[in-house]
$ cat input.txt   # compact mmCIF, C-alpha atoms and all ligand atoms
# COMPACT_ATOMS: atom_id res chain seq x y z
CA MET A 1 53.35 96.96 7.18
CA ASN A 2 51.04 99.92 6.58
CA ILE A 3 48.01 99.32 4.38
CA PHE A 4 45.81 102.05 2.93
CA ALA A 5 42.32 100.52 2.51
CA LEU A 6 39.16 101.60 0.70
CA GLU A 7 35.59 100.32 1.16
CA THR A 8 32.68 101.40 -1.05
CA SER A 9 30.59 98.23 -1.45
CA CYS A 10 27.26 99.65 -0.26
CA ASP A 11 26.33 102.98 1.30
CA GLU A 12 29.43 103.88 3.29
CA THR A 13 32.46 105.51 1.69
CA SER A 14 35.36 104.63 3.93
CA ALA A 15 39.15 104.76 3.96
CA SER A 16 41.64 103.70 6.59
CA VAL A 17 45.33 103.35 7.31
CA VAL A 18 46.01 100.14 9.22
CA SER A 19 49.36 99.05 10.55
CA ASN A 20 50.07 95.30 10.83
CA GLY A 21 46.37 94.47 10.58
CA THR A 22 45.48 95.68 14.04
CA LYS A 23 46.72 99.22 14.65
CA VAL A 24 44.21 101.57 13.06
CA LYS A 25 46.08 104.82 12.45
CA SER A 26 43.00 106.45 10.97
CA VAL A 27 39.57 105.49 9.73
CA VAL A 28 37.01 107.78 8.11
CA ILE A 29 33.46 106.66 7.31
CA SER A 30 31.09 108.80 5.32
CA SER A 31 27.58 107.40 5.66
CA GLN A 32 24.84 107.93 3.07
CA ILE A 33 22.00 107.03 5.44
CA LYS A 34 20.31 110.41 5.01
CA ILE A 35 20.19 109.99 1.22
CA HIS A 36 18.61 106.52 1.33
CA ALA A 37 16.37 106.90 4.41
CA LYS A 38 13.39 108.24 2.50
CA TYR A 39 13.43 105.16 0.23
CA PHE A 40 13.68 102.72 3.19
CA GLY A 41 16.69 101.09 1.57
CA VAL A 42 19.84 101.73 -0.43
CA VAL A 43 19.18 103.06 -3.95
CA PRO A 44 22.15 101.76 -6.02
CA GLU A 45 22.35 104.69 -8.46
CA LEU A 46 22.27 107.26 -5.65
CA ALA A 47 24.89 105.27 -3.75
CA SER A 48 27.31 105.33 -6.71
CA ARG A 49 26.88 109.07 -7.16
CA ALA A 50 27.44 109.76 -3.47
CA HIS A 51 30.60 107.59 -3.46
CA ILE A 52 31.96 109.64 -6.37
CA GLU A 53 31.36 112.85 -4.42
CA ASN A 54 32.69 111.50 -1.15
CA ILE A 55 35.69 109.43 -2.08
CA ASN A 56 38.24 112.21 -2.52
CA PRO A 57 37.41 114.08 0.69
CA VAL A 58 37.36 110.78 2.60
CA ILE A 59 40.81 109.81 1.25
CA VAL A 60 42.26 113.25 2.03
CA GLU A 61 40.88 113.24 5.59
CA THR A 62 42.07 109.69 6.26
CA LEU A 63 45.62 110.47 5.19
CA LYS A 64 45.62 113.73 7.13
CA LYS A 65 44.48 111.96 10.31
CA ALA A 66 47.21 109.36 9.85
CA GLY A 67 49.79 112.15 9.39
CA ILE A 68 50.57 111.15 5.80
CA SER A 69 51.03 113.78 3.08
CA SER A 70 50.91 113.03 -0.64
CA SER A 71 54.67 113.46 -0.77
CA ASP A 72 55.37 110.79 1.87
CA PHE A 73 52.57 108.35 0.86
CA SER A 74 55.08 106.22 -1.05
CA LYS A 75 57.42 106.04 1.92
CA LYS A 76 54.77 105.39 4.58
CA ILE A 77 52.31 103.08 2.80
CA ASP A 78 53.35 99.58 1.74
CA ALA A 79 50.19 98.43 -0.05
CA ILE A 80 46.69 99.47 -1.03
CA ALA A 81 43.65 97.28 -0.34
CA VAL A 82 40.16 97.58 -1.74
CA THR A 83 36.81 95.82 -1.43
CA VAL A 84 36.12 94.09 -4.77
CA GLY A 85 32.79 92.44 -3.85
CA PRO A 86 30.17 91.38 -3.05
CA GLY A 87 28.18 94.60 -3.18
CA LEU A 88 26.53 97.10 -5.49
CA ALA A 89 28.13 97.14 -8.94
CA GLY A 90 28.44 100.92 -9.35
CA ALA A 91 29.46 101.46 -5.73
CA LEU A 92 32.24 98.86 -5.97
CA LEU A 93 33.54 100.43 -9.18
CA VAL A 94 34.16 103.78 -7.49
CA GLY A 95 36.39 102.22 -4.83
CA THR A 96 38.25 99.90 -7.21
CA ILE A 97 38.95 102.65 -9.73
CA ALA A 98 40.25 104.98 -7.02
CA ALA A 99 42.42 102.20 -5.58
CA LYS A 100 43.80 101.27 -8.99
CA ALA A 101 44.64 104.90 -9.73
CA MET A 102 46.44 105.30 -6.39
CA ALA A 103 48.30 101.99 -6.81
CA SER A 104 49.43 103.10 -10.25
CA ILE A 105 50.51 106.61 -9.21
CA TYR A 106 52.34 105.44 -6.10
CA LYS A 107 53.51 102.13 -7.61
CA LYS A 108 52.09 100.03 -4.79
CA PRO A 109 50.76 96.48 -4.73
CA LEU A 110 46.96 96.34 -4.72
CA ILE A 111 45.25 93.70 -2.56
CA PRO A 112 41.68 92.73 -3.51
CA VAL A 113 39.48 91.99 -0.47
CA ASN A 114 36.14 90.24 -0.19
CA HIS A 115 33.74 92.41 1.84
CA LEU A 116 32.60 89.37 3.85
CA GLU A 117 36.20 88.71 4.87
CA GLY A 118 36.32 92.26 6.17
CA HIS A 119 33.40 91.52 8.51
CA LEU A 120 34.78 88.10 9.28
CA TYR A 121 38.10 89.46 10.56
CA SER A 122 36.77 92.73 12.00
CA ALA A 123 36.91 91.36 15.56
CA PHE A 124 40.62 90.65 14.97
CA ILE A 125 41.44 94.38 14.82
CA GLU A 126 41.03 94.68 18.59
CA ASN A 127 41.78 91.06 19.54
CA LYS A 128 45.02 89.78 18.13
CA SER A 129 44.57 86.74 20.37
CA ILE A 130 41.87 85.17 18.16
CA LYS A 131 43.45 82.13 16.60
CA PRO A 132 41.67 79.84 14.16
CA PRO A 133 39.74 77.63 14.36
CA PHE A 134 36.80 79.80 15.39
CA LEU A 135 33.17 80.26 14.46
CA SER A 136 32.25 83.46 12.67
CA VAL A 137 28.71 84.81 12.60
CA ILE A 138 28.30 87.57 10.02
CA ILE A 139 25.06 89.46 10.47
CA SER A 140 24.62 92.48 8.28
CA GLY A 141 22.13 94.20 6.00
CA GLY A 142 23.03 91.92 3.11
CA HIS A 143 24.30 88.74 4.79
CA THR A 144 23.68 86.22 7.52
CA GLU A 145 26.41 83.60 7.45
CA ILE A 146 27.68 81.08 9.91
CA ILE A 147 31.19 80.01 8.97
CA ILE A 148 33.97 77.95 10.52
CA ILE A 149 37.33 79.65 10.07
CA GLU A 150 39.59 76.60 10.02
CA ASP A 151 42.60 78.81 9.37
CA PHE A 152 43.09 82.31 7.98
CA GLY A 153 41.65 82.02 4.48
CA ARG A 154 40.24 78.49 5.01
CA TYR A 155 36.47 78.57 5.32
CA LYS A 156 33.75 76.03 5.89
CA ILE A 157 30.38 77.69 5.35
CA LEU A 158 27.83 76.00 7.60
CA GLY A 159 24.75 77.99 6.66
CA GLY A 160 23.28 81.22 5.41
CA THR A 161 19.93 82.87 5.17
CA ARG A 162 17.21 81.35 3.03
CA ASP A 163 15.39 84.66 2.68
CA ASP A 164 16.07 87.98 4.43
CA ALA A 165 19.41 88.85 5.96
CA ALA A 166 19.25 89.67 9.68
CA GLY A 167 19.69 93.43 9.11
CA GLU A 168 17.15 93.36 6.30
CA ALA A 169 14.64 91.75 8.70
CA PHE A 170 15.24 94.54 11.22
CA ASP A 171 14.90 97.18 8.49
CA LYS A 172 11.67 95.67 7.09
CA ALA A 173 10.20 95.27 10.57
CA ALA A 174 10.92 98.95 11.26
CA LYS A 175 9.16 99.93 8.05
CA MET A 176 6.07 97.89 9.10
CA LEU A 177 6.16 99.72 12.42
CA GLY A 178 6.32 103.12 10.72
CA LEU A 179 9.88 103.71 11.94
CA GLU A 180 12.78 105.19 10.03
CA TYR A 181 15.56 103.54 8.02
CA PRO A 182 17.83 101.87 8.96
CA GLY A 183 15.54 100.07 11.34
CA GLY A 184 18.10 98.03 13.31
CA PRO A 185 19.41 100.82 15.54
CA ILE A 186 15.92 102.34 16.01
CA ILE A 187 14.34 99.03 17.03
CA ASP A 188 17.31 98.45 19.33
CA THR A 189 16.86 101.82 21.08
CA ARG A 190 13.09 101.40 21.46
CA ALA A 191 13.50 97.80 22.63
CA GLU A 192 15.52 99.03 25.62
CA LYS A 193 12.30 100.66 26.91
CA GLY A 194 10.01 97.74 26.06
CA ASN A 195 8.97 94.37 27.46
CA PRO A 196 10.65 91.52 25.53
CA THR A 197 8.05 88.99 26.71
CA ALA A 198 5.02 91.05 25.66
CA ILE A 199 4.57 89.14 22.38
CA ASN A 200 5.87 85.66 21.71
CA PHE A 201 7.14 85.90 18.13
CA THR A 202 8.24 82.65 16.52
CA ARG A 203 11.89 81.53 16.83
CA PRO A 204 12.81 79.89 13.51
CA TYR A 205 15.55 77.56 14.75
CA LEU A 206 15.36 75.30 11.65
CA LYS A 207 16.73 72.40 13.68
CA GLY A 208 18.82 70.00 11.59
CA SER A 209 20.06 72.81 9.33
CA TRP A 210 22.54 75.64 9.92
CA ASP A 211 20.53 77.96 7.70
CA PHE A 212 18.49 80.92 8.88
CA SER A 213 15.07 82.10 7.79
CA PHE A 214 13.76 85.36 9.17
CA SER A 215 10.71 85.72 6.96
CA GLY A 216 8.65 83.79 9.56
CA ILE A 217 9.37 86.34 12.32
CA LYS A 218 8.56 89.12 9.86
CA THR A 219 5.24 87.52 8.89
CA ALA A 220 4.43 86.95 12.57
CA LEU A 221 5.00 90.66 13.14
CA LEU A 222 2.84 91.60 10.16
CA ASN A 223 -0.02 89.36 11.35
CA TYR A 224 0.30 90.71 14.88
CA LEU A 225 0.15 94.31 13.64
CA LYS A 226 -2.94 93.60 11.53
CA ALA A 227 -4.77 92.40 14.63
CA ASN A 228 -3.10 94.78 17.10
CA PRO A 229 -1.91 98.04 15.52
CA ALA A 230 0.61 99.83 17.71
CA LYS A 231 -1.46 102.31 19.70
CA THR A 232 0.90 103.84 22.21
CA GLU A 233 4.62 104.50 22.44
CA GLN A 234 4.87 101.82 25.14
CA HIS A 235 3.07 99.28 22.93
CA LEU A 236 5.46 100.12 20.07
CA ASN A 237 8.46 99.68 22.39
CA ASP A 238 7.08 96.31 23.58
CA ILE A 239 6.74 95.12 19.98
CA CYS A 240 10.32 96.24 19.25
CA ALA A 241 11.61 94.48 22.37
CA SER A 242 9.73 91.26 21.53
CA PHE A 243 10.94 91.31 17.91
CA ARG A 244 14.56 91.96 18.95
CA GLN A 245 14.30 89.15 21.51
CA ALA A 246 13.15 86.65 18.87
CA MET A 247 15.93 87.71 16.48
CA ALA A 248 18.65 87.59 19.14
CA GLU A 249 17.57 84.21 20.55
CA THR A 250 17.47 82.67 17.08
CA LEU A 251 20.95 83.93 16.15
CA CYS A 252 22.41 83.00 19.52
CA PHE A 253 20.86 79.52 19.58
CA LYS A 254 22.25 78.61 16.16
CA ALA A 255 25.70 80.07 16.79
CA PHE A 256 26.18 78.17 20.05
CA GLU A 257 24.77 74.95 18.56
CA GLY A 258 27.39 75.32 15.82
CA ALA A 259 30.25 76.03 18.22
CA LYS A 260 29.31 73.06 20.43
CA LYS A 261 28.76 70.64 17.55
CA PHE A 262 32.17 71.45 16.01
CA ASP A 263 33.90 71.85 19.36
CA LEU A 264 34.92 75.46 18.73
CA LYS A 265 35.90 77.52 21.76
CA GLN A 266 35.68 80.95 20.13
CA ILE A 267 32.88 82.82 18.36
CA ALA A 268 33.48 86.11 16.53
CA LEU A 269 30.65 88.36 15.45
CA GLY A 270 30.75 90.81 12.56
CA GLY A 271 28.44 93.01 10.50
CA GLY A 272 26.06 95.84 11.33
CA VAL A 273 23.63 93.72 13.35
CA SER A 274 26.40 92.79 15.79
CA ALA A 275 26.02 96.41 17.00
CA ASN A 276 22.72 95.30 18.55
CA SER A 277 22.91 95.70 22.31
CA LEU A 278 20.87 92.59 23.17
CA ILE A 279 22.78 90.40 20.71
CA ARG A 280 26.05 91.64 22.23
CA SER A 281 24.97 90.92 25.81
CA MET A 282 23.24 87.61 25.00
CA PHE A 283 26.33 86.24 23.20
CA THR A 284 28.58 87.46 26.02
CA GLN A 285 26.45 85.77 28.70
CA GLU A 286 26.04 82.52 26.77
CA GLY A 287 29.78 82.54 26.10
CA LYS A 288 30.49 82.70 29.84
CA LYS A 289 27.98 79.92 30.52
CA ASN A 290 29.42 77.65 27.83
CA LYS A 291 33.08 78.60 28.32
CA ILE A 292 33.29 79.89 24.77
CA LYS A 293 35.25 83.11 24.15
CA ILE A 294 33.19 85.75 22.41
CA PHE A 295 34.77 88.43 20.24
CA ILE A 296 32.55 91.34 19.24
CA PRO A 297 34.01 94.36 17.43
CA SER A 298 33.54 97.88 18.77
CA LEU A 299 30.54 99.59 17.18
CA ILE A 300 32.65 101.46 14.62
CA TYR A 301 33.98 98.14 13.25
CA CYS A 302 30.56 96.41 13.15
CA THR A 303 29.05 98.43 10.32
CA ASP A 304 30.88 98.87 7.02
CA ASN A 305 34.34 100.42 7.39
CA ALA A 306 37.69 100.31 5.63
CA ALA A 307 39.73 99.34 8.70
CA MET A 308 38.32 95.80 8.52
CA ILE A 309 39.35 95.70 4.85
CA GLY A 310 42.89 96.73 5.80
CA CYS A 311 42.91 94.06 8.50
CA ALA A 312 41.72 91.30 6.14
CA ALA A 313 44.24 92.45 3.48
CA TYR A 314 47.08 92.24 6.00
CA LEU A 315 46.17 88.66 6.96
CA LYS A 316 45.80 87.72 3.31
CA GLN A 317 49.16 89.10 2.17
CA LYS A 318 50.86 87.55 5.20
CA LYS A 319 49.80 84.13 3.97
CA CYS A 320 49.75 84.60 0.18
CA GLY A 321 52.21 87.41 -0.51
CA MET A 322 51.37 90.29 -2.82
CA ASN A 323 51.66 88.88 -6.31
CA TYR A 324 48.56 90.56 -7.68
CA ASN A 325 48.27 92.08 -11.11
CA ASN A 326 47.03 95.58 -10.33
CA LEU A 327 45.77 96.23 -13.83
CA GLN A 328 43.71 93.05 -13.89
CA LEU A 329 41.94 93.73 -10.60
CA LYS A 330 38.18 93.68 -11.16
CA SER A 331 35.20 94.16 -8.90
CA ASN A 332 32.55 91.43 -8.76
CA PRO A 333 29.14 92.29 -7.25
CA SER A 334 28.34 88.62 -6.59
CA LEU A 335 31.77 87.55 -5.35
CA SER A 336 31.60 84.50 -3.11
CA LEU A 337 33.87 83.54 -0.27
CA GLU A 338 36.95 81.78 -1.60
CA ASN A 339 39.76 80.01 0.19
CA TRP A 340 43.31 81.30 -0.06
O1 LIG B 1 27.35 95.73 7.91
P1 LIG B 1 26.43 96.84 7.50
O2 LIG B 1 26.86 98.24 7.81
O3 LIG B 1 26.17 96.82 5.96
C1 LIG B 1 26.08 95.65 5.20
O4 LIG B 1 27.16 95.10 4.84
O5 LIG B 1 24.94 95.24 4.96
O6 LIG B 1 25.00 96.51 8.16
C2 LIG B 1 23.90 97.36 8.05
C3 LIG B 1 22.74 96.71 8.77
C4 LIG B 1 21.41 97.43 8.59
O7 LIG B 1 20.44 96.50 8.18
C5 LIG B 1 21.10 97.96 10.00
O8 LIG B 1 19.72 98.04 10.29
C6 LIG B 1 21.79 96.94 10.86
O9 LIG B 1 23.00 96.65 10.18
N1 LIG B 1 22.08 97.46 12.21
C7 LIG B 1 21.50 96.98 13.33
C8 LIG B 1 21.98 97.77 14.39
N2 LIG B 1 22.84 98.70 13.88
C9 LIG B 1 22.89 98.49 12.53
N3 LIG B 1 20.63 95.96 13.52
C10 LIG B 1 20.21 95.72 14.77
N4 LIG B 1 20.61 96.46 15.84
C11 LIG B 1 21.49 97.48 15.70
N5 LIG B 1 21.88 98.18 16.76
ZN ZN B 2 28.91 94.96 5.31

$ encode --input "input.txt" --output "structure tokens" --more "lines below"
Ligand code: KG4
Ligand code: ZN
Amino acid sequence: MNIFALETSCDETSASVVSNGTKVKSVVISSQIKIHAKYFGVVPELASRAHIENINPVIVETLKKAGISSSDFSKKIDAIAVTVGPGLAGALLVGTIAAKAMASIYKKPLIPVNHLEGHLYSAFIENKSIKPPFLSVIISGGHTEIIIIEDFGRYKILGGTRDDAAGEAFDKAAKMLGLEYPGGPIIDTRAEKGNPTAINFTRPYLKGSWDFSFSGIKTALLNYLKANPAKTEQHLNDICASFRQAMAETLCFKAFEGAKKFDLKQIALGGGVSANSLIRSMFTQEGKKNKIKIFIPSLIYCTDNAAMIGCAAYLKQKKCGMNYNNLQLKSNPSLSLENW
């Protein structure tokens, strides 16, 4: 089953051709980072406009890379999948309208996909061996969720963030430090050259709850910077390393507490923050120690991409079939995770 997938929920225009949920025949991601960097965050109106400009070239390149011409699209593609939410309203509309048009022209079923489910199953693309139940930790610019996947499409949400998402905390910390947007990768790179024990930022474990709250670490950083402005490159790297350490330990602590409490032997990470090198190594080491299998997507599948949407769509249609009404498909910026 070949699925052509589109993802435009935030600031990446992406398309992909995915075979049987795991074989990525092509994936193209056009990032808008340069457009939004000077505003230190995604500007919704600019994102919509950039998606409109990018979507056609991205679709054409994706099909070309997969060796599919417009004349054999119908023969080679079985279904079209698209992110319908959550995300930015205008950005989502661009992807859904394009997907609807293609589904109508090529007379293909259209599978609506929740963006969170894309992140949730992104580790599956390279690891067919993941079998529910498992614990999923989604850490991105917009979300921090800890969810038990009881079965494909059966979710038990344990907790989420009470304030900033993990990626948002990294991005805001970078702004405080005078670094560029997005802050996550920059803090990560600088942290590699810094001392993680230089400053002991708070670890908000919120014991007794599965929720996260990163505003405390952010405030601790702000207070520290007021008293100790970063003077040298090394000092800046030490702050980055200490901040990253506090973030990673908090995420890791809660994930493993969750896995142990619910006797889950597998943890899958997803979302842009799972590209963080310390988070990747900390989860891997803790996994070995606790005999819990850790699944972390390759970097390309951590941040927003359409391959994860194709993967989630494949799993969804396998269980539920493809009885969707293409014309009634609607995007929903505040879509929540629903069971199927
Ligand atoms: O999943 P994603 O591409 O978009 C959302 O769905 O939000 O995640 C983007 C977020 C940004 O906040 C970015 O700073 C963060 O992922 N990020 C990282 C790293 N790479 C990206 N955070 C920490 N370390 C990284 N290496
Ligand atoms: Zn995302």

$ closest_atom_pairs --input "input.txt" --of "range 122-239 of chain A" --to "range 249-258 of chain A" --cutoff "8 Å" --atoms "only C-alpha atoms" --output "CSV"
residue,atom,partner,partner_atom,distance
A:Leu135,CA,A:Gly258,CA,7.7
A:Val137,CA,A:Ala255,CA,7.0
A:Ile146,CA,A:Ala255,CA,7.2
A:Arg203,CA,A:Thr250,CA,5.7
A:Pro204,CA,A:Thr250,CA,6.5
A:Tyr205,CA,A:Thr250,CA,5.9
A:Trp210,CA,A:Lys254,CA,6.9

$ closest_residue --input "input.txt" --among "A:Ala198, A:Ala259, A:Ala165, A:Ile309" --to "His115 in chain A" --atoms "all atoms listed in the file"
A:Ile309

$ residues_around --input "input.txt" --residues "Val42 in chain A" --least-positions-apart "3" --cutoff "9 Å" --atoms "only C-alpha atoms" --output "PyMOL selection string"
chain A and resi 10-11+32-33+35-37+39+45-47

$ residues_around --input "input.txt" --residues "Gln234 in chain A" --least-positions-apart "2" --cutoff "10 Å" --atoms "all atoms listed in the file" --output "list in words"
Arg190, Ala191, Lys193, Gly194, Asn195, Ala230, Lys231, Thr232, Leu236, Asn237, Asp238, Ile239 and Cys240 of chain A

$ residues_around --input "input.txt" --residues "Asn305 in chain A" --least-positions-apart "2" --cutoff "7 Å" --atoms "all atoms listed in the file" --output "PyMOL selection string"
chain A and resi 7+14+29+301+303+307-308

$ closest_residue --input "input.txt" --among "A:Ile300, A:Ile199, A:Ile68, A:Ile186" --to "ligand ZN 2 (chain B)" --atoms "all atoms listed in the file"
A:Ile300

$ axis_aligned_box --input "input.txt" --around "ligand LIG 1 (chain B)" --padding-each-side "6 Å" --output "lines of an AutoDock Vina configuration file"
center_x = 23.5
center_y = 96.9
center_z = 10.8
size_x = 19.6
size_y = 15.6
size_z = 23.9

$ residues_near_ligand --input "input.txt" --ligand "ligand ZN 2 (chain B)" --cutoff "12 Å" --atoms "only C-alpha atoms and all ligand atoms" --output "ChimeraX atom specification"
/A:7-14,83,85-88,114-122,138-145,165-168,270-274,300-306,308-309

$ write_last_selection --input "input.txt" --atoms "C-alpha atoms" --output "tab-separated table (two decimals), keeping the file's coordinate frame"
chain	number	residue	atom	x	y	z
A	7	GLU	CA	35.59	100.32	1.16
A	8	THR	CA	32.68	101.40	-1.05
A	9	SER	CA	30.59	98.23	-1.45
A	10	CYS	CA	27.26	99.65	-0.26
A	11	ASP	CA	26.33	102.98	1.30
A	12	GLU	CA	29.43	103.88	3.29
A	13	THR	CA	32.46	105.51	1.69
A	14	SER	CA	35.36	104.63	3.93
A	83	THR	CA	36.81	95.82	-1.43
A	85	GLY	CA	32.79	92.44	-3.85
A	86	PRO	CA	30.17	91.38	-3.05
A	87	GLY	CA	28.18	94.60	-3.18
A	88	LEU	CA	26.53	97.10	-5.49
A	114	ASN	CA	36.14	90.24	-0.19
A	115	HIS	CA	33.74	92.41	1.84
A	116	LEU	CA	32.60	89.37	3.85
A	117	GLU	CA	36.20	88.71	4.87
A	118	GLY	CA	36.32	92.26	6.17
A	119	HIS	CA	33.40	91.52	8.51
A	120	LEU	CA	34.78	88.10	9.28
A	121	TYR	CA	38.10	89.46	10.56
A	122	SER	CA	36.77	92.73	12.00
A	138	ILE	CA	28.30	87.57	10.02
A	139	ILE	CA	25.06	89.46	10.47
A	140	SER	CA	24.62	92.48	8.28
A	141	GLY	CA	22.13	94.20	6.00
A	142	GLY	CA	23.03	91.92	3.11
A	143	HIS	CA	24.30	88.74	4.79
A	144	THR	CA	23.68	86.22	7.52
A	145	GLU	CA	26.41	83.60	7.45
A	165	ALA	CA	19.41	88.85	5.96
A	166	ALA	CA	19.25	89.67	9.68
A	167	GLY	CA	19.69	93.43	9.11
A	168	GLU	CA	17.15	93.36	6.30
A	270	GLY	CA	30.75	90.81	12.56
A	271	GLY	CA	28.44	93.01	10.50
A	272	GLY	CA	26.06	95.84	11.33
A	273	VAL	CA	23.63	93.72	13.35
A	274	SER	CA	26.40	92.79	15.79
A	300	ILE	CA	32.65	101.46	14.62
A	301	TYR	CA	33.98	98.14	13.25
A	302	CYS	CA	30.56	96.41	13.15
A	303	THR	CA	29.05	98.43	10.32
A	304	ASP	CA	30.88	98.87	7.02
A	305	ASN	CA	34.34	100.42	7.39
A	306	ALA	CA	37.69	100.31	5.63
A	308	MET	CA	38.32	95.80	8.52
A	309	ILE	CA	39.35	95.70	4.85

$ residues_around --input "input.txt" --residues "Ser136 in chain A" --least-positions-apart "6" --cutoff "7 Å" --atoms "all atoms listed in the file" --output "MDAnalysis selection string"
chainID A and resid 120 146:149 267:269

$ closest_residue --input "input.txt" --among "A:Asn325, A:Asn332, A:Asn127, A:Asn56" --to "Lys107 in chain A" --atoms "only C-alpha atoms"
A:Asn325

$ residues_around --input "input.txt" --residues "Ser215 in chain A" --least-positions-apart "6" --cutoff "12 Å" --atoms "only C-alpha atoms" --output "count of residues only"
18

$ residues_near_point --input "input.txt" --point "(6.3, 96.5, 7.1)" --cutoff "12 Å" --atoms "only C-alpha atoms" --output "list of chain:residue names"
A:Phe40, A:Glu168, A:Ala169, A:Phe170, A:Asp171, A:Lys172, A:Ala173, A:Ala174, A:Lys175, A:Met176, A:Leu177, A:Gly178, A:Leu179, A:Glu180, A:Tyr181, A:Gly183, A:Ser215, A:Ile217, A:Lys218, A:Thr219, A:Ala220, A:Leu221, A:Leu222, A:Asn223, A:Tyr224, A:Leu225, A:Lys226, A:Pro229

$ write_last_selection --input "input.txt" --atoms "C-alpha atoms" --output "mmCIF file, in the frame of the given file"
data_model
loop_
_atom_site.group_PDB
_atom_site.id
_atom_site.type_symbol
_atom_site.label_atom_id
_atom_site.label_comp_id
_atom_site.auth_asym_id
_atom_site.auth_seq_id
_atom_site.Cartn_x
_atom_site.Cartn_y
_atom_site.Cartn_z
ATOM 1 C CA PHE A 40 13.680 102.720 3.190
ATOM 2 C CA GLU A 168 17.150 93.360 6.300
ATOM 3 C CA ALA A 169 14.640 91.750 8.700
ATOM 4 C CA PHE A 170 15.240 94.540 11.220
ATOM 5 C CA ASP A 171 14.900 97.180 8.490
ATOM 6 C CA LYS A 172 11.670 95.670 7.090
ATOM 7 C CA ALA A 173 10.200 95.270 10.570
ATOM 8 C CA ALA A 174 10.920 98.950 11.260
ATOM 9 C CA LYS A 175 9.160 99.930 8.050
ATOM 10 C CA MET A 176 6.070 97.890 9.100
ATOM 11 C CA LEU A 177 6.160 99.720 12.420
ATOM 12 C CA GLY A 178 6.320 103.120 10.720
ATOM 13 C CA LEU A 179 9.880 103.710 11.940
ATOM 14 C CA GLU A 180 12.780 105.190 10.030
ATOM 15 C CA TYR A 181 15.560 103.540 8.020
ATOM 16 C CA GLY A 183 15.540 100.070 11.340
ATOM 17 C CA SER A 215 10.710 85.720 6.960
ATOM 18 C CA ILE A 217 9.370 86.340 12.320
ATOM 19 C CA LYS A 218 8.560 89.120 9.860
ATOM 20 C CA THR A 219 5.240 87.520 8.890
ATOM 21 C CA ALA A 220 4.430 86.950 12.570
ATOM 22 C CA LEU A 221 5.000 90.660 13.140
ATOM 23 C CA LEU A 222 2.840 91.600 10.160
ATOM 24 C CA ASN A 223 -0.020 89.360 11.350
ATOM 25 C CA TYR A 224 0.300 90.710 14.880
ATOM 26 C CA LEU A 225 0.150 94.310 13.640
ATOM 27 C CA LYS A 226 -2.940 93.600 11.530
ATOM 28 C CA PRO A 229 -1.910 98.040 15.520
#

$ closest_residue --input "input.txt" --among "A:Lys318, A:Val60, A:Ser31, A:Phe243" --to "Pro196 in chain A" --atoms "only C-alpha atoms"
A:Phe243

$ atom_distance --input "input.txt" --atom1 "CA of Ile296 in chain A" --atom2 "CA of Arg280 in chain A"
7.2 Å

$ decode --input "input.txt" --residues "range 76-87 of chain A" --atoms "N, CA and C atoms" --output "PDB file, in the first residue's frame"
ATOM      1  N   LYS A  76       0.173   4.051  -9.061  1.00  0.00           N
ATOM      2  CA  LYS A  76       1.173   3.754  -8.025  1.00  0.00           C
ATOM      3  C   LYS A  76       0.776   4.178  -6.615  1.00  0.00           C
ATOM      4  N   ILE A  77      -0.175   5.095  -6.493  1.00  0.00           N
ATOM      5  CA  ILE A  77      -0.560   5.567  -5.154  1.00  0.00           C
ATOM      6  C   ILE A  77      -1.958   5.039  -4.808  1.00  0.00           C
ATOM      7  N   ASP A  78      -2.068   4.464  -3.600  1.00  0.00           N
ATOM      8  CA  ASP A  78      -3.353   3.878  -3.193  1.00  0.00           C
ATOM      9  C   ASP A  78      -4.220   4.844  -2.400  1.00  0.00           C
ATOM     10  N   ALA A  79      -3.562   5.767  -1.653  1.00  0.00           N
ATOM     11  CA  ALA A  79      -4.343   6.699  -0.829  1.00  0.00           C
ATOM     12  C   ALA A  79      -3.518   7.945  -0.564  1.00  0.00           C
ATOM     13  N   ILE A  80      -4.231   9.009  -0.185  1.00  0.00           N
ATOM     14  CA  ILE A  80      -3.566  10.268   0.164  1.00  0.00           C
ATOM     15  C   ILE A  80      -3.844  10.526   1.636  1.00  0.00           C
ATOM     16  N   ALA A  81      -2.816  10.989   2.354  1.00  0.00           N
ATOM     17  CA  ALA A  81      -2.997  11.288   3.785  1.00  0.00           C
ATOM     18  C   ALA A  81      -2.601  12.734   4.029  1.00  0.00           C
ATOM     19  N   VAL A  82      -3.248  13.362   4.985  1.00  0.00           N
ATOM     20  CA  VAL A  82      -2.910  14.761   5.268  1.00  0.00           C
ATOM     21  C   VAL A  82      -3.102  15.059   6.748  1.00  0.00           C
ATOM     22  N   THR A  83      -2.228  15.936   7.269  1.00  0.00           N
ATOM     23  CA  THR A  83      -2.367  16.390   8.654  1.00  0.00           C
ATOM     24  C   THR A  83      -3.560  17.341   8.729  1.00  0.00           C
ATOM     25  N   VAL A  84      -4.517  17.032   9.620  1.00  0.00           N
ATOM     26  CA  VAL A  84      -5.702  17.906   9.736  1.00  0.00           C
ATOM     27  C   VAL A  84      -5.692  18.711  11.043  1.00  0.00           C
ATOM     28  N   GLY A  85      -4.716  18.497  11.904  1.00  0.00           N
ATOM     29  CA  GLY A  85      -4.607  19.258  13.143  1.00  0.00           C
ATOM     30  C   GLY A  85      -3.850  18.446  14.161  1.00  0.00           C
ATOM     31  N   PRO A  86      -3.492  18.958  15.318  1.00  0.00           N
ATOM     32  CA  PRO A  86      -3.574  20.378  15.651  1.00  0.00           C
ATOM     33  C   PRO A  86      -2.455  21.155  14.940  1.00  0.00           C
ATOM     34  N   GLY A  87      -2.613  22.455  14.875  1.00  0.00           N
ATOM     35  CA  GLY A  87      -1.600  23.274  14.225  1.00  0.00           C
ATOM     36  C   GLY A  87      -2.144  24.656  13.939  1.00  0.00           C
TER      37      GLY A  87
END
